[in-house]
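**Student:** What follows is start-v5.txt, made up of compact mmCIF, C-alpha atoms:
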```txt
# COMPACT_ATOMS: atom_id res chain seq x y z
CA MET T 1233 -156.18 -136.90 125.92
CA LEU T 1234 -152.62 -137.99 126.42
CA LEU T 1235 -152.91 -140.40 123.54
CA ASN T 1236 -154.07 -137.72 121.08
CA LYS T 1237 -151.20 -135.40 122.03
CA LEU T 1238 -148.66 -138.18 121.37
CA ARG T 1239 -150.20 -138.92 117.95
CA ARG T 1240 -150.02 -135.25 116.84
CA LEU T 1241 -146.44 -135.06 118.02
CA PHE T 1242 -145.32 -138.03 115.91
CA GLU T 1243 -147.13 -136.71 112.82
CA SER T 1244 -145.41 -133.26 113.01
CA GLU T 1245 -141.93 -134.79 113.25
CA ALA T 1246 -142.31 -137.29 110.37
CA PRO T 1247 -140.61 -136.31 107.06
CA GLN T 1248 -142.89 -135.08 104.27
CA ILE T 1249 -142.66 -137.17 101.08
CA HIS T 1250 -144.00 -135.64 97.85
CA HIS T 1251 -144.52 -137.90 94.84
CA LYS T 1252 -143.81 -136.04 91.56
CA PRO T 1253 -145.16 -137.34 88.24
CA PRO T 1254 -142.53 -138.87 85.95
CA LEU T 1255 -141.03 -136.59 83.33
CA ARG T 1256 -142.11 -137.26 79.72
CA GLN T 1257 -139.21 -138.22 77.51
CA TYR T 1258 -139.03 -137.00 73.93
CA PRO T 1259 -136.90 -138.74 71.28
CA SER T 1260 -133.81 -136.97 70.03
CA ALA T 1261 -133.99 -135.24 66.63
CA ILE T 1262 -130.97 -137.21 65.43
CA SER T 1263 -130.64 -140.88 66.14
CA PRO T 1264 -127.41 -141.81 68.01
CA ALA T 1265 -126.79 -144.46 65.36
CA HIS T 1266 -126.61 -141.73 62.73
CA PRO T 1267 -124.79 -138.73 64.16
CA THR T 1268 -124.63 -137.06 60.72
CA PRO T 1269 -127.97 -136.11 59.12
CA PRO T 1270 -128.68 -137.43 55.58
CA SER T 1271 -127.65 -135.17 52.70
CA ILE T 1272 -130.97 -135.24 50.92
CA SER T 1273 -133.39 -134.80 53.86
CA HIS T 1274 -133.38 -134.09 57.59
CA ARG T 1275 -135.79 -135.04 60.38
CA ILE T 1276 -137.64 -132.89 62.93
CA SER T 1277 -139.80 -133.91 65.87
CA ASN T 1278 -143.33 -132.80 66.41
CA PRO T 1279 -144.87 -132.26 69.89
CA ILE T 1280 -146.28 -135.77 70.06
CA GLY T 1281 -142.89 -137.34 69.64
CA ARG T 1282 -143.17 -138.68 66.04
CA ALA T 1283 -140.28 -137.96 63.65
CA ILE T 1284 -141.29 -136.30 60.37
CA PRO T 1285 -138.92 -136.45 57.34
CA VAL T 1286 -138.58 -133.14 55.51
CA THR T 1287 -137.22 -133.12 51.94
CA GLN T 1288 -135.44 -130.04 50.68
CA ALA T 1289 -137.28 -128.53 47.68
CA LYS T 1290 -135.27 -128.26 44.47
CA PRO T 1291 -135.38 -124.99 42.50
CA VAL T 1292 -137.78 -125.15 39.56
CA ALA T 1293 -136.14 -124.18 36.26
CA ARG T 1294 -138.03 -121.63 34.19
CA THR T 1295 -138.03 -123.87 31.15
CA ASN T 1296 -140.96 -122.32 29.33
CA GLU T 1297 -139.56 -118.80 29.50
CA LEU T 1298 -136.15 -119.89 28.16
CA THR T 1299 -137.73 -121.91 25.37
CA THR T 1300 -139.85 -118.97 24.30
CA THR T 1301 -136.81 -116.68 24.21
CA ASP T 1302 -134.77 -119.16 22.18
CA THR T 1303 -137.64 -119.70 19.75
CA GLN T 1304 -138.06 -115.97 19.18
CA GLU T 1305 -134.33 -115.50 18.60
CA GLU T 1306 -134.23 -118.32 16.05
CA ALA T 1307 -137.24 -116.89 14.24
CA HIS T 1308 -135.64 -113.44 14.04
CA GLU T 1309 -132.41 -114.97 12.75
CA TYR T 1310 -134.32 -116.82 10.04
CA LEU T 1311 -136.15 -113.65 8.98
CA ALA T 1312 -132.81 -111.85 8.75
CA ARG T 1313 -131.55 -114.56 6.37
CA VAL T 1314 -134.65 -114.15 4.20
CA GLN T 1315 -134.06 -110.40 4.01
CA GLY T 1316 -130.51 -111.15 2.91
CA LYS T 1317 -131.85 -113.39 0.14
CA ILE T 1318 -134.07 -110.55 -1.08
CA GLY T 1319 -131.06 -108.26 -1.32
CA LYS T 1320 -129.12 -110.92 -3.20
CA LEU T 1321 -132.10 -111.36 -5.51
CA ALA T 1322 -131.87 -107.74 -6.60
CA GLU T 1323 -128.17 -108.16 -7.36
CA GLU T 1324 -128.83 -111.30 -9.39
CA PHE T 1325 -131.36 -109.52 -11.57
CA ALA T 1326 -129.12 -106.49 -12.01
CA SER T 1327 -126.27 -108.74 -13.15
CA GLY T 1328 -128.53 -110.62 -15.59
CA MET T 1329 -128.44 -113.99 -13.82
CA ILE T 1330 -132.24 -114.28 -13.54
CA ASN T 1331 -135.13 -113.02 -15.64
CA ARG T 1332 -137.99 -110.79 -14.56
CA GLU T 1333 -140.38 -113.67 -13.96
CA GLN T 1334 -137.89 -115.42 -11.70
CA PHE T 1335 -137.29 -112.21 -9.76
CA GLN T 1336 -141.01 -111.53 -9.27
CA GLU T 1337 -141.91 -115.08 -8.25
CA LEU T 1338 -138.99 -115.35 -5.83
CA TYR T 1339 -139.71 -111.95 -4.31
CA ASP T 1340 -143.39 -112.81 -3.79
CA HIS T 1341 -142.36 -116.13 -2.25
CA TYR T 1342 -140.01 -114.47 0.25
CA GLN T 1343 -142.63 -111.87 1.21
CA ARG T 1344 -145.28 -114.53 1.84
CA GLU T 1345 -142.80 -116.43 3.99
CA ILE T 1346 -141.97 -113.33 6.05
CA ARG T 1347 -145.62 -112.41 6.63
CA THR T 1348 -146.56 -115.95 7.69
CA ILE T 1349 -143.69 -116.29 10.15
CA GLU T 1350 -144.36 -112.86 11.67
CA THR T 1351 -148.02 -113.80 12.14
CA TRP T 1352 -147.05 -116.99 14.02
CA MET T 1353 -144.63 -115.01 16.18
CA ASP T 1354 -147.42 -112.61 17.16
CA LEU T 1355 -150.12 -115.24 17.78
CA ALA T 1356 -148.02 -117.94 19.43
CA PRO T 1357 -144.66 -116.53 20.58
CA GLN T 1358 -144.08 -119.51 22.88
CA SER T 1359 -144.48 -122.01 20.05
CA ASP T 1360 -142.08 -123.09 17.32
CA ALA T 1361 -144.92 -123.50 14.82
CA TRP T 1362 -143.31 -120.76 12.74
CA ARG T 1363 -140.89 -123.41 11.48
CA ASP T 1364 -143.73 -124.97 9.49
CA ALA T 1365 -144.04 -121.69 7.57
CA SER T 1366 -140.35 -121.62 6.70
CA SER T 1367 -139.58 -123.04 3.27
CA GLU T 1368 -135.83 -123.39 3.03
CA GLY T 1369 -134.96 -124.75 -0.41
CA ARG T 1370 -138.28 -123.81 -2.00
CA SER T 1371 -136.58 -120.96 -3.87
CA ILE T 1372 -134.54 -123.48 -5.87
CA VAL T 1373 -137.75 -125.03 -7.19
CA ILE T 1374 -139.12 -121.60 -8.11
CA ARG T 1375 -135.95 -120.71 -9.99
CA LYS T 1376 -136.16 -123.87 -12.07
CA GLN T 1377 -139.88 -123.51 -12.73
CA HIS T 1378 -139.54 -119.99 -14.12
CA MET T 1379 -136.19 -120.30 -15.84
CA ALA T 1380 -136.34 -119.70 -19.58
CA ARG T 1381 -135.81 -122.91 -21.54
CA ILE T 1382 -134.55 -122.95 -25.10
CA LEU T 1383 -137.10 -124.76 -27.23
CA GLY T 1384 -135.32 -124.59 -30.56
CA TYR T 1385 -133.07 -122.68 -32.98
CA ALA T 1386 -133.10 -121.69 -36.62
CA VAL T 1387 -130.09 -120.40 -38.58
CA TYR T 1388 -130.52 -118.31 -41.76
CA LYS T 1389 -128.08 -116.90 -44.28
CA ASN T 1390 -127.72 -113.13 -44.11
CA ASP T 1391 -127.38 -112.52 -47.85
CA SER T 1392 -130.20 -114.73 -49.11
CA GLY T 1393 -132.41 -115.38 -46.10
CA MET T 1394 -132.34 -119.10 -46.85
CA PRO T 1395 -132.49 -121.53 -43.91
CA VAL T 1396 -129.24 -123.23 -43.00
CA ALA T 1397 -130.24 -125.48 -40.11
CA THR T 1398 -132.98 -126.04 -37.55
CA ILE T 1399 -132.24 -127.42 -34.09
CA GLY T 1400 -134.78 -128.62 -31.55
CA LYS T 1401 -138.44 -127.62 -31.77
CA PHE T 1402 -138.48 -124.27 -33.51
CA GLU T 1403 -142.26 -124.20 -33.74
CA VAL T 1404 -142.97 -120.67 -34.88
CA ASP T 1405 -145.37 -119.69 -37.64
CA ALA T 1406 -143.32 -118.78 -40.70
CA ALA T 1407 -145.74 -115.95 -41.45
CA LEU T 1408 -144.68 -114.43 -38.16
CA TYR T 1409 -140.92 -114.75 -38.13
CA VAL T 1410 -140.02 -114.54 -41.87
CA PRO T 1411 -141.05 -110.86 -42.19
CA MET T 1412 -139.31 -110.13 -38.93
CA LEU T 1413 -136.16 -111.84 -40.15
CA SER T 1414 -136.29 -109.94 -43.44
CA SER T 1415 -136.62 -106.63 -41.61
CA TYR T 1416 -133.84 -107.58 -39.26
CA ARG T 1417 -131.46 -108.44 -42.11
CA SER T 1418 -132.21 -105.42 -44.25
CA ALA T 1419 -132.34 -102.74 -41.58
CA ALA T 1420 -130.73 -104.28 -38.53
CA TRP T 1421 -128.82 -101.17 -37.60
CA GLU T 1422 -131.84 -98.91 -37.92
CA ILE T 1423 -134.50 -101.12 -36.35
CA PHE T 1424 -132.72 -103.38 -33.92
CA GLY T 1425 -129.37 -101.69 -33.54
CA ALA T 1426 -126.11 -103.62 -33.48
CA GLY T 1427 -126.57 -106.74 -31.40
CA MET T 1428 -129.12 -109.18 -30.07
CA ARG T 1429 -132.78 -108.39 -29.71
CA SER T 1430 -135.61 -110.40 -28.19
CA LEU T 1431 -139.36 -109.93 -28.14
CA GLN T 1432 -142.38 -111.72 -26.74
CA ILE T 1433 -144.63 -113.64 -29.10
CA GLU T 1434 -147.73 -115.79 -28.59
CA ASN T 1435 -148.24 -118.15 -25.63
CA GLY T 1436 -145.76 -116.29 -23.47
CA ARG T 1437 -142.77 -117.40 -25.55
CA TRP T 1438 -139.89 -115.19 -26.57
CA LEU T 1439 -138.01 -115.01 -29.87
CA CYS T 1440 -134.41 -113.85 -29.87
CA PHE T 1441 -132.35 -112.64 -32.85
CA VAL T 1442 -128.56 -113.06 -32.74
CA PRO T 1443 -126.65 -111.46 -35.65
CA GLY T 1444 -123.47 -113.02 -37.04
CA GLU T 1445 -121.02 -112.29 -39.83
CA SER T 1446 -122.68 -114.59 -42.36
CA THR T 1447 -125.76 -115.94 -40.60
CA THR T 1448 -128.49 -114.93 -38.18
CA LEU T 1449 -129.55 -117.15 -35.32
CA MET T 1450 -133.12 -117.15 -34.03
CA ALA T 1451 -133.75 -118.82 -30.68
CA LEU T 1452 -137.16 -119.70 -29.27
CA PHE T 1453 -137.49 -119.52 -25.46
CA SER T 1454 -140.28 -120.81 -23.22
CA THR T 1455 -140.35 -117.46 -21.40
CA GLU T 1456 -138.29 -114.28 -21.21
CA PRO T 1457 -134.59 -115.18 -21.09
CA ALA T 1458 -132.21 -113.67 -18.58
CA THR T 1459 -129.44 -111.39 -19.80
CA LYS T 1460 -126.87 -114.02 -18.94
CA GLN T 1461 -128.67 -116.54 -21.15
CA LEU T 1462 -128.64 -114.11 -24.05
CA LYS T 1463 -124.93 -113.56 -23.65
CA SER T 1464 -124.37 -117.31 -23.68
CA LEU T 1465 -126.48 -117.51 -26.83
CA ASP T 1466 -124.28 -114.92 -28.52
CA GLN T 1467 -121.18 -116.93 -27.60
CA ILE T 1468 -122.74 -120.09 -29.01
CA HIS T 1469 -123.48 -118.43 -32.34
CA ARG T 1470 -119.99 -116.97 -32.62
CA LEU T 1471 -118.58 -120.44 -31.98
CA PHE T 1472 -120.89 -121.89 -34.61
CA GLU T 1473 -119.73 -119.46 -37.29
CA ARG T 1474 -116.08 -119.86 -36.34
CA ALA T 1475 -116.19 -123.66 -36.55
CA ASN T 1476 -118.17 -123.70 -39.82
CA ARG T 1477 -116.68 -120.62 -41.51
CA HIS T 1478 -115.40 -122.51 -44.57
CA MET T 1479 -118.71 -124.25 -45.24
CA LEU T 1480 -120.76 -121.12 -44.54
CA SER T 1481 -118.81 -119.23 -47.23
CA SER T 1482 -119.82 -121.82 -49.84
CA PRO T 1483 -122.79 -121.06 -52.14
CA VAL T 1484 -124.28 -124.45 -51.26
CA ILE T 1485 -124.24 -125.46 -47.62
CA ASP T 1486 -124.53 -129.07 -46.53
CA ALA T 1487 -126.44 -128.87 -43.26
CA ASN T 1488 -125.44 -132.42 -42.31
CA ALA T 1489 -121.76 -131.44 -42.40
CA LEU T 1490 -122.15 -128.55 -39.96
CA VAL T 1491 -121.26 -128.78 -36.30
CA LEU T 1492 -124.07 -127.46 -34.09
CA PRO T 1493 -123.07 -126.57 -30.52
CA HIS T 1494 -126.70 -125.51 -29.94
CA GLN T 1495 -127.74 -129.15 -29.54
CA SER T 1496 -126.22 -129.32 -26.08
CA PHE T 1497 -128.82 -126.83 -24.85
CA VAL T 1498 -132.01 -128.34 -26.27
CA GLY T 1499 -131.33 -132.05 -26.09
CA HIS T 1500 -132.82 -132.69 -29.54
CA LYS T 1501 -131.22 -133.91 -32.70
CA ARG T 1502 -131.35 -131.58 -35.68
```
Would you mind writing the file out in structure tokens?
**Tutor:**
Amino acid sequence: MLLNKLRRLFESEAPQIHHKPPLRQYPSAISPAHPTPPSISHRISNPIGRAIPVTQAKPVARTNELTTTDTQEEAHEYLARVQGKIGKLAEEFASGMINREQFQELYDHYQREIRTIETWMDLAPQSDAWRDASSEGRSIVIRKQHMARILGYAVYKNDSGMPVATIGKFEVDAALYVPMLSSYRSAAWEIFGAGMRSLQIENGRWLCFVPGESTTLMALFSTEPATKQLKSLDQIHRLFERANRHMLSSPVIDANALVLPHQSFVGHKR
């Protein structure tokens, strides 16, 4: 009994020792060797103690939207230039720089170009395929294709109706132009009025009459000439009569002695 009491006494006076589990250590978010975080990315720690690099996302540029806007603006600017060409076309015809065929062909060309580009803009506004429909420089080709070319000339005396000279390829049936020339000489003021006159003949060609003091010039064109071309033709004939006035007043005219400025416009020897 005494022994048990002594044992309980010693156990109550002994200090109580409690063993705590060790604390779990987590790594620092920033390594001591690198006190300053990198500029491009930073690191965070997850619960299990493993560092995870996180890269900052860069803003995504809205490239497609900007490209579409730029493409539409360029297309509208191009269409505005075409409309300006149409306005200039009207002025060119009014001033006699182009003929009717040139005007019509160029106008149709511009309208087709406008319609095609507008269709592409409606169907594929984000695409620059409209550029394939643009035809910058094509109008120059159309102008040349439909410009009236001088095929040849014939010069006749006013008083006798006799031929003086032929330049180029004046391939017109005599049965057609001789009566016309006779009527022109005898009643020019009543039928044609004072000045040049032109009319369409077979195969789409045009025949132009240019009166002078002693001779009449007939010019054969591939198509209807522009007013500016007719004015140039009148100047050429006036120059011809002025340079050859002494020979043209002679009863007998030596065609080989005449100077013919018309040759520069047909490229053919007389």
**Student:** Nearest to Cys1440 (chain T): which of T:Leu1383, T:Met1479, T:Val1396, T:Ile1330 is it, counting all atoms listed in the file?
**Tutor:** T:Leu1383
**Student:** Nearest residue to Gln1377 (chain T) out of T:Leu1338, T:Val1442, T:Ala1489, T:Val1484, using only C-alpha atoms?
**Tutor:**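 Closest to Gln1377 (chain T), using only C-alpha atoms: T:Leu1338.
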**Student:** Given all atoms listed in the file, how would the per-residue table for region 1348-1453 of chain T near region 1464-1471 of chain T read, listing every residue at most 8 Å away with its closest atom pair and distance in Å to one decimal, sorted by chain and number, as JSON lines?
**Tutor:**
```
{"residue": "T:Met1428", "atom": "CA", "partner": "T:Asp1466", "partner_atom": "CA", "distance": 7.7}
{"residue": "T:Val1442", "atom": "CA", "partner": "T:Asp1466", "partner_atom": "CA", "distance": 6.3}
{"residue": "T:Gly1444", "atom": "CA", "partner": "T:Arg1470", "partner_atom": "CA", "distance": 6.9}
{"residue": "T:Leu1449", "atom": "CA", "partner": "T:His1469", "partner_atom": "CA", "distance": 6.9}
```
**Student:** I'd like the interatomic distance between CA of Leu1439 (chain T) and CA of Val1387 (chain T), to a tenth of an Å.
**Tutor:** 12.9 Å
**Student:** Excluding Gly1328 (chain T) and its own-chain neighbours fewer than 4 positions away, which residues fall within 8 Å of it when counting all atoms listed in the file? Please give them as a list of chain:residue names.
**Tutor:** T:Glu1324, T:Ala1458, T:Thr1459, T:Lys1460
